[in-house]
Structure formats: C-alpha cells, structure tokens
Amino acid sequence: MTEAPDLVREPGAPKAAPGTLRPDPETPAAVSARGICRNFHSPDGRELLVLRGVDLEVGRGETLAIMGPSGAGKSTLLHVLGALDEPTSGTVRIAGRRLSGLADTEVARLRNELVGFVFQFHHLLRDFSALENVMLPQIIAGAERAEAESRATAVLEQVGLGERLQHRPNKLSGGEQQRVAVARALVNEPPLLLADEPSGNLDTETSKRLHDVLFALVEDHGSALIVATHDRELAERAGRVQRLVGGVLEPPD
Ligand SMILES: Nc1ncnc2c1ncn2[C@@H]1O[C@H](COP(=O)(O)OP(=O)(O)O)[C@@H](O)[C@H]1O
Ligand SMILES: [Mg+2]
C-alpha cells in the first residue's frame, strides 16, 4: 500500500473532496513572518514605530483573527503580509516564497497569484460587471477568457450572486459588493486570503451573511485566512485570535 497522496492543493490543481483537506508537513506555511518592524514618519517628523517585531505563521486551511484597538497597526501588518507594503525590517514568506529582494513586477505577479485581499470598502472596478471584476485576476494570471468566465461564474454562484453576474458594483448592495470582493479575492485559489475589517461597513445581519460566505469559501478553497477586525462575532469564527498590542502580537486567547 502506498501512502495516500497529500490533499493540500496547489493553486489551480483539481479540487479535493470537501473535508479531506489536511495540513501537509511538506507544504510551507501559507504565510510566515519573522521580526516584522514597520516605521513611519509622522507629519511632524517624529518616527512612529508601528510594528515592533511581529512573528507569525499561518498554515494552509488555518484561520486567524487579529484584534486590537484602532491605530494598533492591523492594516499595516496585513499590507506587509500581502506584499502591498515593505517592512522596515524582517522577512515575509508566502507559500515559502520570500518577498524581499524581488523586482516590482515579480512582487505584483506573486501578489496576484498567492494573495487575495478583501478590504472594508470593496475596491471593485466600477465600469465592470461583477462577472468581469472576478474574471480579471484570472486574466492577469494568464487564463483564457472562456475559462476565466466559467470559473468566475462558479465562484459568484458560491457566494450567492449567480443572479447578479452582469450587475455593475453601483447596482449592488453593500453586502453584495463585499461578496463580489470575496469571490474576486479567492478566484485564483490563493494560499493566503487577507481581510481587513471586511464587514466594517455593514449592518449586523449583512455582516453575518458575509462571514458565512467568507468562512465557507476559505474552507472550500483551502486558503489560510487572516482577518483584522473589531467584531467579536467575526473573530470568534476564526480558529485562532491574537491581539496586536504595542506593535507585537500577543499569544492566542
Ligand atoms: N503611510 C503612513 N504614513 C504615516 N503613518 C501611517 C501610515 N500608515 C499608517 N500609519 C500610522 O500607523 C498607525 C497604525 O495604523 P493602521 O495600521 O491603519 O492601524 P489599524 O488598522 O490597527 O487601525 C497609525 O498611527 C497610523 O496613523
Ligand atoms: Mg485598519
């Protein structure tokens, strides 16, 4: 008898049956960060030490909620983890790929293929339909149009928007816009999904529906999720909750 094959999918590989995903010791963490510091210069010239040595590791299929007061540096940390910003010092690896020392075009390519982002405000392209917004990351990654369209349709159906494919963002409700943003973030099956206050702009009921969709898709796609939030209901859905205080992550609750 040979060992069962590992069921951790690489992006684009065939889907495992639901519930069969398990951590693979050979697969690098979805994201690992060591000694992350990020300083900013305040307008009066002082140096702000926002992140002061963050260490973090999140495996495929794991979910982490980062809590902490406004101004603690949660958004700064997510931007660094997702290669939208460079740390002042420290290293980040996404799916084992070290981000520092790469050309901008290479960082952009890795970001498109390895990281999905959901922000508090959807950032959808307003002149494009929901379908086109979800097709775009795939086209950028080199997918054929027909393939991108069928996959975007399937993911939009998963988030409950199969009847809204041709709607432009301004014809969708706030909750629907965020569900399109979740579909767009996950369509390339990135190992890492980062969500920054994803329901910060929604009412309680709409938030709950978004959280249902977010966690169901993350589980189905086998991505790791890191979500920054003030919302206890959302944080408690995550496998792990850590607070960002004084520029470092406290141990899990
Ligand atoms: N580009 C920037 N330039 C200067 N200061 C910044 C910049 N981005 C964030 N900050 C400062 O860093 C701190 C942390 O901000 P942020 O990461 O947005 O916190 P949070 O998301 O936890 O509310 C704040 O004091 C903010 O003003
Ligand atoms: Mg923030």
# chains A, B, ... in the order shown; residues from 1 in each chain; ligands from 1
$ closest_atom_pairs --of "chain A" --to "ligand 1" --cutoff "6 Å" --atoms "only C-alpha atoms and all ligand atoms" --output "Markdown table"
| residue | atom | partner | partner_atom_place_in_ligand_line | distance |
| --- | --- | --- | --- | --- |
| A:Phe40 | CA | ligand 1 | 4 (C) | 4.7 |
| A:His41 | CA | ligand 1 | 4 (C) | 5.6 |
| A:Ser42 | CA | ligand 1 | 4 (C) | 5.4 |
| A:Val50 | CA | ligand 1 | 12 (O) | 5.5 |
| A:Ser70 | CA | ligand 1 | 23 (O) | 3.6 |
| A:Gly71 | CA | ligand 1 | 19 (O) | 3.5 |
| A:Ala72 | CA | ligand 1 | 22 (O) | 3.8 |
| A:Gly73 | CA | ligand 1 | 17 (O) | 3.2 |
| A:Lys74 | CA | ligand 1 | 22 (O) | 3.7 |
| A:Ser75 | CA | ligand 1 | 21 (O) | 3.7 |
| A:Thr76 | CA | ligand 1 | 17 (O) | 3.7 |
$ select_by_dssp --residues "stretch 217-248 of chain A" --states "helix (DSSP H, G or I)" --output "list of chain:residue names"
A:Leu217, A:Val218, A:Glu219, A:Asp220, A:His221, A:Arg232, A:Glu233, A:Leu234, A:Ala235
$ residues_near_ligand --ligand "ligand 2" --cutoff "12 Å" --atoms "only C-alpha atoms and all ligand atoms" --output "list in words"
Ile66, Met67, Gly68, Pro69, Ser70, Gly71, Ala72, Gly73, Lys74, Ser75, Thr76, Leu77, Leu78, His79, Phe119, Gln120, Phe121, Ala195, Asp196, Glu197, Pro198, Gly200, Val227, Ala228, Thr229, His230 and Leu244 of chain A
$ closest_residue --among "A:Ala141, A:Ala95, A:Leu102, A:Val80" --to "A:Gly59" --atoms "only C-alpha atoms"
A:Ala95
$ closest_residue --among "A:Val107, A:Leu49, A:Gly162, A:Gly116" --to "A:Asp85" --atoms "only C-alpha atoms"
A:Val107
$ atom_distance --atom1 "atom CA of A:Ala181" --atom2 "atom CA of A:Ala130"
9.0 Å
$ closest_residue --among "A:Val134, A:Leu194, A:Val218, A:Ala65" --to "A:Leu84" --atoms "only C-alpha atoms"
A:Leu194
$ select_by_dssp --residues "stretch 18-189 of chain A" --states "strand (DSSP E or B)" --output "PyMOL selection string"
chain A and resi 31-41+47-58+63-67+89-94+97-98+115-118
$ closest_residue --among "A:Arg145, A:Arg109, A:Arg151, A:His122" --to "A:Ser199" --atoms "only C-alpha atoms"
A:His122
$ closest_residue --among "A:Gly45, A:Leu124, A:Asn133, A:Leu192" --to "A:Gly96" --atoms "only C-alpha atoms"
A:Leu192
$ atom_distance --atom1 "atom CA of A:Pro191" --atom2 "atom CA of A:Ala30"
5.5 Å
$ decode --residues "stretch 222-241 of chain A" --atoms "C-alpha atoms" --output "mmCIF file, in the first residue's frame"
data_model
loop_
_atom_site.group_PDB
_atom_site.id
_atom_site.type_symbol
_atom_site.label_atom_id
_atom_site.label_comp_id
_atom_site.auth_asym_id
_atom_site.auth_seq_id
_atom_site.Cartn_x
_atom_site.Cartn_y
_atom_site.Cartn_z
ATOM 1 C CA GLY A 222 -8.185 25.501 1.480
ATOM 2 C CA SER A 223 -6.756 29.023 1.781
ATOM 3 C CA ALA A 224 -5.377 30.426 5.016
ATOM 4 C CA LEU A 225 -7.339 33.429 6.269
ATOM 5 C CA ILE A 226 -6.070 36.340 8.320
ATOM 6 C CA VAL A 227 -8.787 38.797 9.195
ATOM 7 C CA ALA A 228 -8.321 42.093 11.044
ATOM 8 C CA THR A 229 -11.470 43.013 12.885
ATOM 9 C CA HIS A 230 -13.103 44.761 15.828
ATOM 10 C CA ASP A 231 -16.046 42.420 15.527
ATOM 11 C CA ARG A 232 -16.203 39.704 18.216
ATOM 12 C CA GLU A 233 -18.714 37.644 16.228
ATOM 13 C CA LEU A 234 -16.298 37.508 13.309
ATOM 14 C CA ALA A 235 -13.196 36.919 15.459
ATOM 15 C CA GLU A 236 -14.821 34.017 17.264
ATOM 16 C CA ARG A 237 -15.310 32.171 13.988
ATOM 17 C CA ALA A 238 -11.553 32.038 13.476
ATOM 18 C CA GLY A 239 -9.517 29.092 14.710
ATOM 19 C CA ARG A 240 -7.141 31.465 16.475
ATOM 20 C CA VAL A 241 -7.496 35.001 17.845
#
